[in-house]
>>> print(open('upload-v9.txt').read())   # compact mmCIF, C-alpha atoms and all ligand atoms
# COMPACT_ATOMS: atom_id res chain seq x y z
CA MET A 14 -39.29 7.44 -53.73
CA GLU A 15 -41.87 7.24 -50.95
CA ARG A 16 -42.50 4.83 -48.07
CA THR A 17 -45.68 3.83 -46.29
CA LEU A 18 -46.71 1.49 -43.48
CA SER A 19 -49.05 -1.38 -44.31
CA ILE A 20 -50.69 -3.64 -41.75
CA ILE A 21 -52.50 -6.88 -42.53
CA LYS A 22 -54.86 -6.73 -39.55
CA PRO A 23 -55.80 -9.71 -37.35
CA ASP A 24 -58.91 -10.42 -39.50
CA GLY A 25 -56.73 -10.59 -42.64
CA VAL A 26 -54.35 -13.03 -40.97
CA GLU A 27 -57.32 -15.08 -39.66
CA LYS A 28 -58.92 -15.20 -43.12
CA GLY A 29 -55.68 -16.43 -44.68
CA VAL A 30 -55.14 -13.56 -47.11
CA ILE A 31 -51.56 -12.58 -46.17
CA GLY A 32 -50.27 -14.09 -49.41
CA GLU A 33 -52.98 -12.52 -51.56
CA VAL A 34 -52.39 -9.03 -50.11
CA ILE A 35 -48.64 -9.33 -50.68
CA ARG A 36 -49.26 -10.70 -54.18
CA ARG A 37 -51.28 -7.60 -55.04
CA PHE A 38 -48.51 -5.31 -53.79
CA GLU A 39 -45.89 -7.12 -55.85
CA ALA A 40 -48.13 -7.34 -58.92
CA ASN A 41 -48.38 -3.54 -58.70
CA LYS A 42 -44.61 -3.07 -58.51
CA ILE A 43 -44.73 -2.06 -54.85
CA LYS A 44 -41.58 -3.15 -53.05
CA ILE A 45 -41.62 -4.58 -49.52
CA VAL A 46 -38.55 -3.26 -47.68
CA ALA A 47 -39.42 -4.50 -44.15
CA MET A 48 -41.86 -7.04 -42.78
CA LYS A 49 -42.70 -8.87 -39.54
CA MET A 50 -45.57 -10.60 -37.74
CA ILE A 51 -46.48 -9.11 -34.39
CA CYS A 52 -49.10 -9.41 -31.67
CA MET A 53 -49.87 -5.90 -30.47
CA THR A 54 -50.74 -5.27 -26.86
CA LYS A 55 -53.79 -3.10 -26.20
CA ALA A 56 -51.42 -0.28 -25.15
CA GLN A 57 -49.42 -0.59 -28.40
CA ALA A 58 -52.65 -0.44 -30.43
CA GLN A 59 -53.78 2.61 -28.43
CA GLY A 60 -50.46 4.34 -29.13
CA PHE A 61 -50.64 3.51 -32.83
CA TYR A 62 -54.19 4.83 -33.20
CA ALA A 63 -53.73 7.76 -30.76
CA VAL A 64 -55.13 10.21 -33.37
CA HIS A 65 -58.46 8.38 -33.04
CA LYS A 66 -58.54 8.41 -29.22
CA ASP A 67 -61.70 10.53 -29.04
CA ARG A 68 -63.60 8.53 -31.64
CA PRO A 69 -66.45 6.30 -30.46
CA PHE A 70 -64.80 3.25 -32.08
CA PHE A 71 -61.40 3.71 -30.36
CA ASP A 72 -61.94 1.06 -27.70
CA THR A 73 -63.30 -1.68 -29.97
CA LEU A 74 -60.70 -0.84 -32.65
CA THR A 75 -57.79 -1.22 -30.22
CA ASP A 76 -59.33 -4.42 -28.77
CA PHE A 77 -59.56 -5.81 -32.30
CA MET A 78 -56.04 -4.74 -33.29
CA SER A 79 -54.62 -6.46 -30.20
CA SER A 80 -56.76 -9.60 -30.61
CA GLY A 81 -54.26 -11.65 -32.61
CA PRO A 82 -51.29 -11.60 -34.95
CA ALA A 83 -50.91 -8.90 -37.57
CA VAL A 84 -48.32 -8.44 -40.33
CA VAL A 85 -46.63 -5.04 -40.47
CA MET A 86 -44.72 -3.97 -43.59
CA VAL A 87 -42.89 -1.01 -44.98
CA LEU A 88 -43.74 -0.50 -48.65
CA GLU A 89 -41.61 1.55 -50.99
CA GLY A 90 -42.25 3.02 -54.41
CA GLU A 91 -43.19 6.10 -56.33
CA ASN A 92 -46.38 7.63 -54.92
CA VAL A 93 -46.78 4.47 -52.81
CA ILE A 94 -48.96 6.09 -50.11
CA ALA A 95 -51.73 6.87 -52.61
CA ARG A 96 -51.18 3.69 -54.65
CA ASN A 97 -51.49 1.51 -51.54
CA ARG A 98 -54.67 3.33 -50.54
CA GLU A 99 -56.07 2.69 -54.00
CA LEU A 100 -55.33 -1.02 -53.72
CA MET A 101 -56.93 -1.12 -50.23
CA GLY A 102 -60.13 0.71 -51.17
CA ALA A 103 -62.33 2.84 -48.90
CA THR A 104 -62.33 2.25 -45.12
CA ASP A 105 -65.94 1.09 -45.38
CA TYR A 106 -65.79 -2.04 -47.57
CA ARG A 107 -69.34 -1.31 -48.81
CA LYS A 108 -68.02 1.90 -50.39
CA ALA A 109 -64.77 0.38 -51.67
CA ALA A 110 -64.30 0.05 -55.43
CA GLU A 111 -64.53 -3.33 -57.18
CA GLY A 112 -61.30 -5.27 -57.12
CA THR A 113 -59.89 -3.56 -54.01
CA ILE A 114 -58.61 -5.55 -51.04
CA ARG A 115 -61.34 -4.33 -48.67
CA ARG A 116 -64.13 -4.84 -51.19
CA ASP A 117 -62.92 -8.37 -51.86
CA PHE A 118 -62.24 -9.51 -48.28
CA ALA A 119 -63.61 -7.16 -45.58
CA THR A 120 -66.91 -7.82 -43.85
CA ASP A 121 -66.96 -4.98 -41.34
CA ILE A 122 -66.02 -1.25 -41.30
CA GLU A 123 -63.68 -1.91 -38.37
CA LYS A 124 -62.36 -5.34 -39.35
CA ASN A 125 -61.27 -4.14 -42.75
CA ILE A 126 -58.27 -6.42 -43.48
CA VAL A 127 -55.59 -3.78 -44.04
CA HIS A 128 -54.30 -0.45 -42.81
CA GLY A 129 -52.22 2.01 -44.85
CA SER A 130 -50.73 5.37 -43.87
CA ASP A 131 -52.67 8.33 -45.26
CA ALA A 132 -49.91 10.99 -45.65
CA PRO A 133 -46.10 11.35 -45.55
CA GLU A 134 -46.13 12.62 -41.93
CA THR A 135 -48.30 9.75 -40.68
CA ALA A 136 -46.20 7.28 -42.68
CA ALA A 137 -43.03 8.51 -40.94
CA PHE A 138 -44.68 8.17 -37.50
CA GLU A 139 -46.22 4.76 -38.26
CA ILE A 140 -43.06 3.25 -39.79
CA GLY A 141 -41.04 4.45 -36.78
CA TYR A 142 -43.65 2.97 -34.44
CA PHE A 143 -42.83 -0.59 -35.56
CA PHE A 144 -39.41 -0.53 -37.24
CA ASN A 145 -35.96 0.83 -36.52
CA ARG A 146 -33.70 1.87 -39.37
CA PHE A 147 -31.68 -1.37 -39.25
CA GLU A 148 -34.83 -3.37 -40.04
CA ILE A 149 -35.63 -1.44 -43.24
CA MET A 150 -33.78 -2.49 -46.39
CA SER A 151 -32.29 0.33 -48.40
P1 LIG B 201 -57.68 2.19 -40.61
O1 LIG B 201 -57.42 2.56 -42.01
O2 LIG B 201 -56.75 1.29 -39.91
O3 LIG B 201 -57.82 3.53 -39.74
C1 LIG B 201 -58.62 3.65 -38.59
C2 LIG B 201 -59.46 2.43 -38.38
O4 LIG B 201 -60.57 2.64 -37.54
C3 LIG B 201 -60.08 2.00 -39.70
O5 LIG B 201 -59.13 1.49 -40.56
C4 LIG B 201 -61.13 1.02 -39.20
O6 LIG B 201 -60.55 -0.22 -38.82
C5 LIG B 201 -61.60 1.76 -37.96
N1 LIG B 201 -62.78 2.59 -38.25
C6 LIG B 201 -62.84 3.70 -38.99
N2 LIG B 201 -64.09 4.20 -39.01
C7 LIG B 201 -64.81 3.39 -38.24
C8 LIG B 201 -66.17 3.37 -37.87
N3 LIG B 201 -67.03 4.30 -38.28
N4 LIG B 201 -66.58 2.38 -37.08
C9 LIG B 201 -65.71 1.45 -36.64
N5 LIG B 201 -64.39 1.41 -36.97
C10 LIG B 201 -63.97 2.37 -37.77
>>> encode(input="upload-v9.txt", output="structure tokens")
Amino acid sequence: MERTLSIIKPDGVEKGVIGEVIRRFEANKIKIVAMKMICMTKAQAQGFYAVHKDRPFFDTLTDFMSSGPAVVMVLEGENVIARNRELMGATDYRKAAEGTIRRDFATDIEKNIVHGSDAPETAAFEIGYFFNRFEIMS
């Protein structure tokens, strides 16, 4: 059993697709074991995306991520890191496969509706960034 962090980013909340994203998780037998709505500060967004701190998009990305409410979730299931990434589609919505969340709803490489951890080590860091163990259902 694996866990991953999912974020419905401020553009996803703004576009009203919280329910649709969650529906896709549940339709694919992915279990939500923790969930909350948060408004990240710029500093929180910078800490979350620290691995990207030298990228040219770091400043606009962290501005965007702290621009409004986001929904953070812990997903659980077999191979859920890869399965969630499949459901999300490629970072660039123009390269995302048909029927993926980003292909269906994103309009921008940065404002791409959802985030999902890319490996077990990043999932552990990212889950711990937003949730303590009492907030995650076992
Ligand atoms: P995410 O999966 O959250 O991981 C890093 C984020 O940086 C990514 O989604 C996008 O929101 C953003 N991002 C990645 N590449 C670019 C890029 N080339 N230009 C702007 N934003 C990007």
>>> closest_residue(input="upload-v9.txt", among="A:Ile31, A:Val26, A:Ala110, A:Ile126", to="A:Gly81", atoms="all atoms listed in the file")
A:Val26
>>> residues_near_ligand(input="upload-v9.txt", ligand="ligand LIG 201 (chain B)", cutoff="10 Å", atoms="only C-alpha atoms and all ligand atoms", output="ChimeraX atom specification")
/A:19-22,61-62,64-65,68-75,77-78,98,101-105,121-131
>>> residues_around(input="upload-v9.txt", residues="A:Ala136", least_positions_apart="2", cutoff="10 Å", atoms="all atoms listed in the file", output="JSON list (two decimals) with C-alpha atoms, keeping the file's coordinate frame")
[["chain", "number", "residue", "atom", "x", "y", "z"],
["A", 15, "GLU", "CA", -41.87, 7.24, -50.95],
["A", 16, "ARG", "CA", -42.50, 4.83, -48.07],
["A", 17, "THR", "CA", -45.68, 3.83, -46.29],
["A", 18, "LEU", "CA", -46.71, 1.49, -43.48],
["A", 19, "SER", "CA", -49.05, -1.38, -44.31],
["A", 87, "VAL", "CA", -42.89, -1.01, -44.98],
["A", 94, "ILE", "CA", -48.96, 6.09, -50.11],
["A", 129, "GLY", "CA", -52.22, 2.01, -44.85],
["A", 130, "SER", "CA", -50.73, 5.37, -43.87],
["A", 131, "ASP", "CA", -52.67, 8.33, -45.26],
["A", 132, "ALA", "CA", -49.91, 10.99, -45.65],
["A", 133, "PRO", "CA", -46.10, 11.35, -45.55],
["A", 134, "GLU", "CA", -46.13, 12.62, -41.93],
["A", 138, "PHE", "CA", -44.68, 8.17, -37.50],
["A", 139, "GLU", "CA", -46.22, 4.76, -38.26],
["A", 140, "ILE", "CA", -43.06, 3.25, -39.79],
["A", 141, "GLY", "CA", -41.04, 4.45, -36.78],
["A", 142, "TYR", "CA", -43.65, 2.97, -34.44]]
>>> atom_distance(input="upload-v9.txt", atom1="atom CA of A:Met53", atom2="atom CA of A:Ser79")
4.8 Å
>>> closest_residue(input="upload-v9.txt", among="A:Asn41, A:Glu111, A:Gly60, A:Met50", to="A:Glu91", atoms="only C-alpha atoms")
A:Asn41
>>> atom_distance(input="upload-v9.txt", atom1="atom CA of A:Pro23", atom2="atom CA of A:Asn92")
26.4 Å
>>> atom_distance(input="upload-v9.txt", atom1="atom CA of A:Met150", atom2="atom CA of A:Ala47")
6.4 Å
>>> closest_residue(input="upload-v9.txt", among="A:Arg37, A:Arg146, A:Lys28, A:Lys49", to="A:Val85", atoms="all atoms listed in the file")
A:Lys49
>>> closest_residue(input="upload-v9.txt", among="A:Ile51, A:Thr113, A:Gln57, A:Lys108", to="A:Arg96", atoms="only C-alpha atoms")
A:Thr113
>>> axis_aligned_box(input="upload-v9.txt", around="stretch 14-17 of chain A", padding_each_side="3 Å", output="AutoDock Vina command-line options")
--center_x -42.5 --center_y 5.6 --center_z -50.0 --size_x 12.4 --size_y 9.6 --size_z 13.4
>>> decode(input="upload-v9.txt", residues="stretch 72-88 of chain A", atoms="all heavy atoms", output="CSV table (one decimal), in the first residue's frame")
chain,number,residue,atom,x,y,z
A,72,ASP,N,9.4,31.8,-8.8
A,72,ASP,CA,8.7,33.0,-8.2
A,72,ASP,C,7.2,33.1,-8.6
A,72,ASP,O,6.3,33.2,-7.8
A,72,ASP,CB,9.4,34.3,-8.6
A,72,ASP,CG,9.0,35.4,-7.6
A,72,ASP,OD1,8.9,35.2,-6.4
A,72,ASP,OD2,8.7,36.5,-8.1
A,73,THR,N,6.9,32.9,-9.9
A,73,THR,CA,5.5,33.0,-10.3
A,73,THR,C,4.7,31.7,-9.8
A,73,THR,O,3.6,31.9,-9.4
A,73,THR,CB,5.4,33.0,-11.9
A,73,THR,OG1,6.0,31.9,-12.5
A,73,THR,CG2,5.9,34.3,-12.4
A,74,LEU,N,5.4,30.6,-9.8
A,74,LEU,CA,4.7,29.4,-9.3
A,74,LEU,C,4.3,29.6,-7.8
A,74,LEU,O,3.2,29.2,-7.4
A,74,LEU,CB,5.7,28.2,-9.4
A,74,LEU,CG,5.2,26.9,-8.7
A,74,LEU,CD1,3.9,26.3,-9.4
A,74,LEU,CD2,6.3,25.8,-8.8
A,75,THR,N,5.2,30.1,-7.0
A,75,THR,CA,4.9,30.2,-5.6
A,75,THR,C,3.9,31.4,-5.3
A,75,THR,O,3.1,31.3,-4.4
A,75,THR,CB,6.2,30.4,-4.7
A,75,THR,OG1,7.0,31.4,-5.3
A,75,THR,CG2,7.0,29.1,-4.7
A,76,ASP,N,3.9,32.4,-6.2
A,76,ASP,CA,2.9,33.4,-6.2
A,76,ASP,C,1.5,32.8,-6.4
A,76,ASP,O,0.5,33.0,-5.7
A,76,ASP,CB,3.1,34.5,-7.2
A,76,ASP,CG,4.0,35.6,-6.8
A,76,ASP,OD1,4.3,35.7,-5.6
A,76,ASP,OD2,4.5,36.4,-7.6
A,77,PHE,N,1.5,32.0,-7.5
A,77,PHE,CA,0.2,31.4,-7.9
A,77,PHE,C,-0.3,30.4,-6.8
A,77,PHE,O,-1.5,30.4,-6.4
A,77,PHE,CB,0.4,30.6,-9.2
A,77,PHE,CG,-0.6,29.5,-9.5
A,77,PHE,CD1,-1.9,29.8,-9.5
A,77,PHE,CD2,-0.1,28.2,-9.7
A,77,PHE,CE1,-2.8,28.8,-9.8
A,77,PHE,CE2,-1.0,27.2,-9.9
A,77,PHE,CZ,-2.4,27.5,-10.0
A,78,MET,N,0.6,29.6,-6.3
A,78,MET,CA,0.2,28.6,-5.3
A,78,MET,C,-0.3,29.3,-4.0
A,78,MET,O,-1.0,28.6,-3.2
A,78,MET,CB,1.3,27.6,-5.0
A,78,MET,CG,1.6,26.7,-6.1
A,78,MET,SD,0.2,25.7,-6.6
A,78,MET,CE,0.1,24.5,-5.3
A,79,SER,N,0.1,30.5,-3.7
A,79,SER,CA,-0.3,31.2,-2.5
A,79,SER,C,-1.4,32.3,-2.9
A,79,SER,O,-1.7,33.1,-2.0
A,79,SER,CB,0.9,31.9,-1.8
A,79,SER,OG,1.5,32.8,-2.7
A,80,SER,N,-2.0,32.2,-4.1
A,80,SER,CA,-3.0,33.2,-4.5
A,80,SER,C,-4.4,32.9,-4.0
A,80,SER,O,-5.3,33.8,-4.2
A,80,SER,CB,-2.9,33.3,-6.0
A,80,SER,OG,-3.4,32.1,-6.6
A,81,GLY,N,-4.7,31.8,-3.5
A,81,GLY,CA,-6.0,31.4,-3.1
A,81,GLY,C,-6.1,30.1,-2.5
A,81,GLY,O,-5.1,29.4,-2.3
A,82,PRO,N,-7.3,29.6,-2.1
A,82,PRO,CA,-7.4,28.3,-1.5
A,82,PRO,C,-7.0,27.1,-2.4
A,82,PRO,O,-7.2,27.2,-3.6
A,82,PRO,CB,-8.9,28.2,-1.1
A,82,PRO,CG,-9.6,29.3,-1.9
A,82,PRO,CD,-8.6,30.3,-2.3
A,83,ALA,N,-6.5,26.1,-1.8
A,83,ALA,CA,-6.1,24.9,-2.5
A,83,ALA,C,-6.6,23.7,-1.6
A,83,ALA,O,-6.8,23.9,-0.4
A,83,ALA,CB,-4.6,24.8,-2.6
A,84,VAL,N,-6.9,22.6,-2.2
A,84,VAL,CA,-7.3,21.4,-1.4
A,84,VAL,C,-6.1,20.4,-1.4
A,84,VAL,O,-5.6,20.0,-2.5
A,84,VAL,CB,-8.5,20.8,-2.0
A,84,VAL,CG1,-8.9,19.5,-1.3
A,84,VAL,CG2,-9.7,21.7,-2.0
A,85,VAL,N,-5.7,20.1,-0.2
A,85,VAL,CA,-4.6,19.1,-0.1
A,85,VAL,C,-5.2,17.8,0.4
A,85,VAL,O,-6.0,17.8,1.3
A,85,VAL,CB,-3.4,19.6,0.8
A,85,VAL,CG1,-2.6,20.7,0.1
A,85,VAL,CG2,-3.9,20.1,2.2
A,86,MET,N,-4.7,16.7,-0.2
A,86,MET,CA,-5.2,15.3,0.2
A,86,MET,C,-4.1,14.3,0.2
A,86,MET,O,-3.1,14.4,-0.5
A,86,MET,CB,-6.2,14.9,-0.9
A,86,MET,CG,-7.5,15.5,-1.0
A,86,MET,SD,-8.4,15.0,-2.5
A,86,MET,CE,-7.8,16.2,-3.7
A,87,VAL,N,-4.3,13.3,1.1
A,87,VAL,CA,-3.4,12.2,1.1
A,87,VAL,C,-4.2,11.0,0.4
A,87,VAL,O,-5.3,10.7,0.8
A,87,VAL,CB,-3.0,11.7,2.5
A,87,VAL,CG1,-2.1,10.5,2.4
A,87,VAL,CG2,-2.2,12.9,3.2
A,88,LEU,N,-3.7,10.5,-0.7
A,88,LEU,CA,-4.3,9.4,-1.4
A,88,LEU,C,-3.6,8.1,-1.0
A,88,LEU,O,-2.4,8.1,-0.8
A,88,LEU,CB,-4.2,9.6,-2.9
A,88,LEU,CG,-4.7,11.0,-3.4
A,88,LEU,CD1,-4.5,11.0,-4.9
A,88,LEU,CD2,-6.1,11.3,-3.0
